[in-house]
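Undergrad: mmCIF, C-alpha atoms, saved as entry.cif, coming up:
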```cif
data_run
#
loop_
_atom_site.label_atom_id
_atom_site.label_comp_id
_atom_site.auth_asym_id
_atom_site.auth_seq_id
_atom_site.Cartn_x
_atom_site.Cartn_y
_atom_site.Cartn_z
CA MET A 332 -41.04 -0.62 -33.60
CA THR A 333 -42.04 2.23 -35.92
CA ILE A 334 -40.26 5.58 -35.85
CA LEU A 335 -43.39 7.18 -34.36
CA LYS A 336 -43.49 4.66 -31.52
CA SER A 337 -39.76 5.14 -30.97
CA TYR A 338 -40.23 8.91 -30.83
CA LEU A 339 -43.11 8.70 -28.36
CA ASN A 340 -40.97 6.41 -26.21
CA PHE A 341 -38.12 8.92 -26.48
CA LEU A 342 -40.35 11.81 -25.39
CA TRP A 343 -41.59 9.82 -22.40
CA ASN A 344 -38.06 8.98 -21.20
CA SER A 345 -36.06 12.05 -22.23
CA LYS A 346 -34.87 14.83 -19.94
CA ASN A 347 -33.39 18.33 -20.20
CA GLN A 348 -30.26 19.41 -18.35
CA HIS A 349 -32.09 19.54 -15.00
CA GLY A 350 -32.64 15.79 -15.07
CA VAL A 351 -28.95 15.03 -15.69
CA HIS A 352 -26.77 14.29 -12.65
CA SER A 353 -23.42 13.85 -14.42
CA PRO A 354 -21.43 17.13 -14.33
CA PHE A 355 -19.80 16.29 -17.67
CA VAL A 356 -23.12 15.66 -19.43
CA TYR A 357 -24.89 18.50 -17.59
CA ASN A 358 -22.31 21.02 -18.81
CA LEU A 359 -22.51 19.68 -22.36
CA VAL A 360 -26.31 19.92 -22.42
CA ALA A 361 -26.54 23.31 -20.70
CA ASN A 362 -23.61 25.04 -22.43
CA CYS A 363 -23.70 23.41 -25.87
CA PHE A 364 -27.02 21.72 -26.64
CA TYR A 365 -29.02 24.62 -25.18
CA ASP A 366 -26.65 27.42 -26.18
CA THR A 367 -28.95 30.04 -27.74
CA THR A 368 -26.18 32.29 -29.09
CA ASN A 369 -26.85 33.37 -32.67
CA TYR A 370 -23.38 32.64 -34.03
CA PRO A 371 -22.45 34.64 -37.17
CA LYS A 372 -21.36 31.41 -38.89
CA TYR A 373 -24.98 30.22 -38.83
CA SER A 374 -25.57 32.61 -41.73
CA ILE A 375 -22.98 30.69 -43.80
CA LEU A 376 -24.73 27.41 -42.99
CA LYS A 377 -28.00 28.99 -44.12
CA GLU A 378 -26.50 30.29 -47.38
CA TYR A 379 -24.89 26.92 -48.09
CA ARG A 380 -28.23 25.17 -47.58
CA ASN A 381 -30.25 27.68 -49.61
CA SER A 382 -27.89 27.47 -52.57
CA LEU A 383 -28.47 23.69 -52.69
CA LEU A 384 -32.23 24.06 -52.28
CA GLN A 385 -32.25 26.34 -55.33
CA ASN A 386 -30.21 23.93 -57.46
CA LYS A 387 -32.61 21.93 -59.68
CA ASN A 388 -29.89 20.10 -61.61
CA THR A 389 -29.98 16.31 -61.44
CA ILE A 390 -27.17 13.88 -60.75
CA GLU A 391 -26.83 10.11 -60.82
CA VAL A 392 -26.39 8.86 -57.26
CA THR A 393 -24.47 5.70 -56.37
CA ASP A 394 -25.98 4.41 -53.12
CA PHE A 395 -23.93 1.84 -51.18
CA GLY A 396 -26.00 2.24 -48.01
CA ALA A 397 -29.38 1.08 -46.72
CA GLY A 398 -31.25 2.89 -49.48
CA SER A 399 -33.78 5.71 -49.35
CA ARG A 400 -37.37 5.87 -48.15
CA VAL A 401 -37.96 8.92 -50.35
CA PHE A 402 -36.22 8.37 -53.67
CA LYS A 403 -37.27 5.61 -56.08
CA SER A 404 -34.61 6.39 -58.69
CA ASN A 405 -30.88 7.01 -58.57
CA THR A 406 -31.35 10.07 -60.79
CA ARG A 407 -32.05 12.76 -58.23
CA ALA A 408 -32.41 16.55 -58.19
CA ILE A 409 -29.84 18.24 -56.00
CA ASN A 410 -32.46 20.39 -54.26
CA GLN A 411 -34.51 17.29 -53.40
CA ILE A 412 -31.47 15.53 -51.95
CA ALA A 413 -30.77 18.59 -49.81
CA LYS A 414 -34.40 18.79 -48.72
CA ASN A 415 -35.02 15.12 -47.97
CA ALA A 416 -31.68 13.51 -47.21
CA GLY A 417 -29.55 16.29 -45.75
CA ILE A 418 -29.07 17.24 -42.12
CA SER A 419 -31.69 19.72 -40.88
CA ARG A 420 -30.85 23.35 -40.11
CA LYS A 421 -31.32 22.77 -36.37
CA ARG A 422 -29.07 19.70 -36.39
CA ALA A 423 -26.39 21.45 -38.46
CA GLU A 424 -26.26 24.27 -35.92
CA LEU A 425 -26.02 21.76 -33.06
CA LEU A 426 -23.22 19.91 -34.86
CA PHE A 427 -21.41 23.24 -35.27
CA ARG A 428 -21.78 23.89 -31.51
CA ILE A 429 -20.56 20.41 -30.57
CA VAL A 430 -17.38 20.90 -32.60
CA ARG A 431 -16.93 24.38 -31.15
CA TYR A 432 -17.49 23.07 -27.61
CA PHE A 433 -15.06 20.12 -27.73
CA GLN A 434 -12.48 21.70 -30.06
CA PRO A 435 -11.29 18.42 -31.63
CA ASN A 436 -7.98 18.37 -33.45
CA THR A 437 -9.24 16.21 -36.29
CA ILE A 438 -12.62 14.97 -37.49
CA LEU A 439 -13.65 11.99 -39.59
CA GLU A 440 -16.99 12.15 -41.38
CA ILE A 441 -18.36 8.90 -42.79
CA GLY A 442 -20.82 10.01 -45.48
CA THR A 443 -20.37 13.44 -47.07
CA SER A 444 -23.49 13.53 -49.24
CA LEU A 445 -23.90 17.20 -50.34
CA GLY A 446 -21.77 18.50 -47.49
CA LEU A 447 -24.45 20.07 -45.28
CA ALA A 448 -23.04 18.41 -42.17
CA THR A 449 -19.49 18.81 -43.51
CA SER A 450 -19.92 22.59 -43.63
CA ALA A 451 -21.08 22.60 -39.99
CA LEU A 452 -18.05 20.54 -38.95
CA SER A 453 -15.74 22.85 -40.90
CA LEU A 454 -17.20 26.06 -39.49
CA GLY A 455 -17.07 24.62 -35.99
CA LEU A 456 -13.32 24.07 -36.40
CA GLU A 457 -12.90 27.58 -37.79
CA SER A 458 -14.82 28.95 -34.82
CA LYS A 459 -12.40 27.20 -32.53
CA MET A 460 -9.44 28.75 -34.30
CA ASP A 461 -11.05 32.19 -34.24
CA ARG A 462 -11.26 32.01 -30.46
CA ALA A 463 -8.08 30.22 -29.54
CA LYS A 464 -5.76 31.23 -32.39
CA LEU A 465 -4.46 27.69 -32.16
CA ASN A 466 -4.25 24.49 -34.13
CA LYS A 467 -4.10 25.77 -37.68
CA ASP A 468 -3.63 22.14 -38.74
CA ALA A 469 -7.13 21.17 -37.54
CA LYS A 470 -8.78 19.32 -40.38
CA ILE A 471 -11.62 17.09 -41.51
CA VAL A 472 -11.45 13.88 -43.53
CA SER A 473 -14.82 13.30 -45.23
CA LEU A 474 -15.56 9.96 -46.91
CA GLU A 475 -18.17 9.53 -49.65
CA GLY A 476 -18.94 6.52 -51.82
CA CYS A 477 -20.79 8.48 -54.51
CA PHE A 478 -18.42 10.54 -56.66
CA ASN A 479 -21.14 12.86 -58.01
CA THR A 480 -22.50 13.97 -54.65
CA MET A 481 -18.97 14.36 -53.30
CA GLU A 482 -18.09 16.67 -56.20
CA ILE A 483 -21.12 18.86 -55.42
CA ALA A 484 -20.01 19.06 -51.77
CA LYS A 485 -16.42 19.78 -52.76
CA ASN A 486 -17.43 22.62 -55.08
CA GLN A 487 -19.83 24.06 -52.51
CA CYS A 488 -17.18 24.08 -49.79
CA GLN A 489 -14.69 25.77 -52.09
CA LEU A 490 -17.34 28.38 -52.90
CA TYR A 491 -17.66 29.19 -49.20
CA ASN A 492 -13.90 29.03 -48.54
CA LEU A 493 -14.13 25.96 -46.32
CA ASN A 494 -10.62 24.76 -46.93
CA ASN A 495 -9.93 22.48 -43.96
CA ILE A 496 -11.57 19.40 -45.55
CA ASN A 497 -9.98 16.45 -47.31
CA PHE A 498 -12.67 14.76 -49.45
CA ILE A 499 -12.08 11.09 -50.27
CA ASN A 500 -14.21 9.09 -52.71
CA THR A 501 -14.11 5.54 -51.35
CA LYS A 502 -16.15 2.66 -50.05
CA PHE A 503 -16.17 3.21 -46.31
CA GLU A 504 -15.08 -0.29 -45.36
CA ASP A 505 -12.10 -0.05 -47.73
CA TYR A 506 -10.85 3.11 -46.04
CA LEU A 507 -11.65 2.06 -42.48
CA SER A 508 -9.93 -1.31 -42.87
CA ASN A 509 -6.72 0.71 -42.78
CA CYS A 510 -7.93 2.86 -39.89
CA LYS A 511 -4.86 2.42 -37.68
CA LEU A 512 -2.81 4.30 -40.27
CA LYS A 513 -5.37 6.85 -41.40
CA THR A 514 -7.68 7.72 -38.52
CA GLU A 515 -5.89 7.04 -35.26
CA HIS A 516 -5.90 10.72 -34.30
CA CYS A 517 -9.50 11.54 -35.25
CA GLN A 518 -11.01 12.81 -32.03
CA LEU A 519 -14.54 13.32 -33.37
CA ILE A 520 -16.18 10.86 -35.78
CA TYR A 521 -19.55 11.52 -37.40
CA PHE A 522 -21.19 8.33 -38.70
CA ASP A 523 -23.72 9.20 -41.41
CA GLY A 524 -23.01 6.86 -44.28
CA ASN A 525 -24.87 3.56 -44.08
CA HIS A 526 -27.91 3.21 -41.86
CA SER A 527 -27.83 -0.56 -41.51
CA LYS A 528 -27.04 -2.58 -38.42
CA LYS A 529 -24.37 -4.66 -40.14
CA ALA A 530 -22.45 -1.70 -41.58
CA THR A 531 -22.78 0.45 -38.46
CA LEU A 532 -21.35 -2.27 -36.23
CA GLU A 533 -18.64 -3.07 -38.77
CA TYR A 534 -17.47 0.56 -38.82
CA PHE A 535 -17.70 0.69 -35.02
CA GLU A 536 -15.45 -2.36 -34.61
CA LEU A 537 -12.97 -1.19 -37.24
CA LEU A 538 -12.57 2.15 -35.46
CA ILE A 539 -12.50 0.95 -31.83
CA PRO A 540 -8.67 0.56 -31.96
CA THR A 541 -8.38 4.31 -32.64
CA ILE A 542 -10.21 5.59 -29.54
CA THR A 543 -8.69 7.80 -26.88
CA ASN A 544 -10.15 9.16 -23.67
CA ASP A 545 -11.23 12.28 -25.58
CA SER A 546 -12.96 10.52 -28.48
CA ILE A 547 -16.46 11.68 -29.41
CA TRP A 548 -18.50 9.54 -31.80
CA ILE A 549 -21.84 10.66 -33.21
CA PHE A 550 -24.11 8.09 -34.88
CA ASP A 551 -26.87 9.50 -37.08
CA ASP A 552 -30.37 8.01 -37.33
CA ILE A 553 -30.12 5.54 -34.44
CA HIS A 554 -33.92 5.11 -34.53
CA TRP A 555 -34.15 4.89 -38.35
CA SER A 556 -35.15 1.23 -38.18
CA SER A 557 -35.45 -1.60 -35.66
CA ASP A 558 -32.08 -2.86 -36.89
CA MET A 559 -30.46 0.51 -36.19
CA GLU A 560 -31.97 0.48 -32.71
CA LYS A 561 -30.45 -2.96 -32.17
CA ALA A 562 -27.07 -1.66 -33.36
CA TRP A 563 -27.35 1.28 -30.95
CA LYS A 564 -28.10 -1.09 -28.05
CA ILE A 565 -25.01 -3.17 -28.88
CA ILE A 566 -22.85 -0.03 -29.08
CA LYS A 567 -24.13 1.19 -25.69
CA ASN A 568 -23.26 -2.14 -24.07
CA HIS A 569 -19.72 -2.30 -25.48
CA PRO A 570 -17.23 -2.52 -22.58
CA LYS A 571 -15.16 0.43 -23.81
CA VAL A 572 -18.18 2.75 -24.03
CA THR A 573 -18.76 4.67 -20.80
CA VAL A 574 -21.28 7.44 -21.56
CA THR A 575 -23.93 7.68 -24.26
CA ILE A 576 -26.50 10.36 -25.08
CA ASP A 577 -29.58 9.55 -27.14
CA THR A 578 -31.01 12.73 -28.70
CA PHE A 579 -33.34 10.61 -30.86
CA GLN A 580 -31.73 11.71 -34.14
CA TRP A 581 -28.23 11.02 -32.85
CA GLY A 582 -26.48 8.64 -30.52
CA ILE A 583 -23.42 10.32 -29.01
CA VAL A 584 -20.74 8.07 -27.52
CA PHE A 585 -17.88 8.81 -25.12
CA PHE A 586 -15.05 6.59 -23.89
CA ARG A 587 -13.96 8.57 -20.79
CA ILE A 588 -12.47 6.06 -18.35
CA GLU A 589 -13.05 8.42 -15.40
CA GLN A 590 -16.83 8.24 -15.98
CA GLU A 591 -19.00 5.45 -14.66
CA LYS A 592 -21.12 3.79 -17.32
CA GLU A 593 -24.31 5.80 -17.83
CA HIS A 594 -26.82 6.26 -20.63
CA PHE A 595 -28.78 9.48 -21.05
CA ILE A 596 -31.83 10.35 -23.14
CA VAL A 597 -31.82 14.10 -23.74
CA ARG A 598 -34.05 16.46 -25.70
CA ALA A 599 -31.80 18.55 -27.93
#
```
What does the file become when written as structure tokens?
TA:
Amino acid sequence: MTILKSYLNFLWNSKNQHGVHSPFVYNLVANCFYDTTNYPKYSILKEYRNSLLQNKNTIEVTDFGAGSRVFKSNTRAINQIAKNAGISRKRAELLFRIVRYFQPNTILEIGTSLGLATSALSLGLESKMDRAKLNKDAKIVSLEGCFNTMEIAKNQCQLYNLNNINFINTKFEDYLSNCKLKTEHCQLIYFDGNHSKKATLEYFELLIPTITNDSIWIFDDIHWSSDMEKAWKIIKNHPKVTVTIDTFQWGIVFFRIEQEKEHFIVRA
């Protein structure tokens, strides 16, 4: 199935908050997905993005994932990576709101790239602390296989005083194989590192022992390929998964034992 066909199928089946009959999901959609507040931290996300879009320097990219549909060479301009491979402005703002809404204690990001999503995660945690004056130990662990892109992200985040991030240059499977020690308290996990069925399911299985009732997992690009759609179907059917939300770009997974198993397709 092509992405276009998948998207048309999504549009046909998707709903807004008025078509959702789960109070938990309804509140998330109405108060987070469709929150129209113009948060001041959006301006930082915009500045972060614009500074990358203006950076014409090139770097050598080490790609351990499923490859790129855009780039034919591993020598890539930073502004082109930001334009073609980074999270969109709209998605970054939604990611910020999701973090702000759930107020996780710790976050694991699998795939830093240039840090566009990382900055949204970081600012969402800061927003939580601004409101609650709590949890000054809230932090993000961000994993990246390519040292050069990670260094760009690290420098960018320092430039914008985003200091609650621990960047780790590693192959994802190497780090996650030791997940019981390193990630057992990560409430929110953002999977954006390897858009292949095999890797996605491998990371999923490695991290399943770390889940709690409050875990929130976000899988990027679930309709990127037919293989990713197959991976998403397997994830939805896993016995420990209770609620999923397909926003087309993302698949969001919850493990709340008090919820009956339901799958939602929501325009976001």
Undergrad: Could you tell me, as JSON, numbers by chain, exactly which residues end up selected when the PyMOL selection byres ((chain A and resi 582) around 6) is applied to this structure?
TA: {"A": [549, 550, 576, 577, 581, 583]}
Undergrad: Compile the contact shell of A:Leu445 as a count of residues only: residues with an atom at most 7 Å away, counting all atoms listed in the file, same-chain residues fewer than 4 positions apart removed.
TA: 4
Undergrad: Please identify all polymer residues within 9 Å of A:Ser508, counting all atoms listed in the file, omitting same-chain residues fewer than 5 positions from it, and present them as a list in words.
TA: Phe503, Tyr534, Leu537 and Leu538 of chain A
Undergrad: Given the file above and the PyMOL selection byres ((chain A and resi 343-359) around 9), which residues are selected, and can you give them as a tab-separated table (two decimals) with C-alpha atoms, keeping the file's coordinate frame?
TA:
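Result file is expr_7.tsv:
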```
chain	number	residue	atom	x	y	z
A	338	TYR	CA	-40.23	8.91	-30.83
A	339	LEU	CA	-43.11	8.70	-28.36
A	340	ASN	CA	-40.97	6.41	-26.21
A	341	PHE	CA	-38.12	8.92	-26.48
A	342	LEU	CA	-40.35	11.81	-25.39
A	360	VAL	CA	-26.31	19.92	-22.42
A	361	ALA	CA	-26.54	23.31	-20.70
A	362	ASN	CA	-23.61	25.04	-22.43
A	363	CYS	CA	-23.70	23.41	-25.87
A	364	PHE	CA	-27.02	21.72	-26.64
A	365	TYR	CA	-29.02	24.62	-25.18
A	429	ILE	CA	-20.56	20.41	-30.57
A	432	TYR	CA	-17.49	23.07	-27.61
A	574	VAL	CA	-21.28	7.44	-21.56
A	576	ILE	CA	-26.50	10.36	-25.08
A	577	ASP	CA	-29.58	9.55	-27.14
A	578	THR	CA	-31.01	12.73	-28.70
A	590	GLN	CA	-16.83	8.24	-15.98
A	593	GLU	CA	-24.31	5.80	-17.83
A	595	PHE	CA	-28.78	9.48	-21.05
A	596	ILE	CA	-31.83	10.35	-23.14
A	597	VAL	CA	-31.82	14.10	-23.74
A	598	ARG	CA	-34.05	16.46	-25.70
A	599	ALA	CA	-31.80	18.55	-27.93
```
Undergrad: Determine the residue set returned by the PyMOL selection byres ((chain A and resi 496) around 6) for the present structure, and present it as number ranges by chain.
TA: A: 470-472, 494-495, 497
Undergrad: Under the rule that all atoms listed in the file are counted, which of A:Arg422, A:Arg428, A:Lys502, A:Lys571 is the nearest residue to A:Glu591?
TA: A:Lys571
Undergrad: Neighbouring residues of A:Phe478 were defined as those with any atom within 12 Å, considering only C-alpha atoms; residues of the same chain fewer than 5 positions away were excluded. Please report them as JSON, numbers by chain.
TA: {"A": [390, 391, 392, 393, 394, 395, 442, 443, 444, 445, 483, 484, 485, 498, 499, 500, 501, 502]}
Undergrad: Please provide the set of residues having any atom within 10 Å of A:Ile553, restricted to all atoms listed in the file, with same-chain residues fewer than 6 positions apart removed, written as a PyMOL selection string.
TA: chain A and resi 526-528+531+559-564+577-583
Undergrad: Distance atom CA of A:Asn405-atom CA of A:Leu507, one decimal place?
TA: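 Atom CA of A:Asn405 sits 25.6 Å away from atom CA of A:Leu507.
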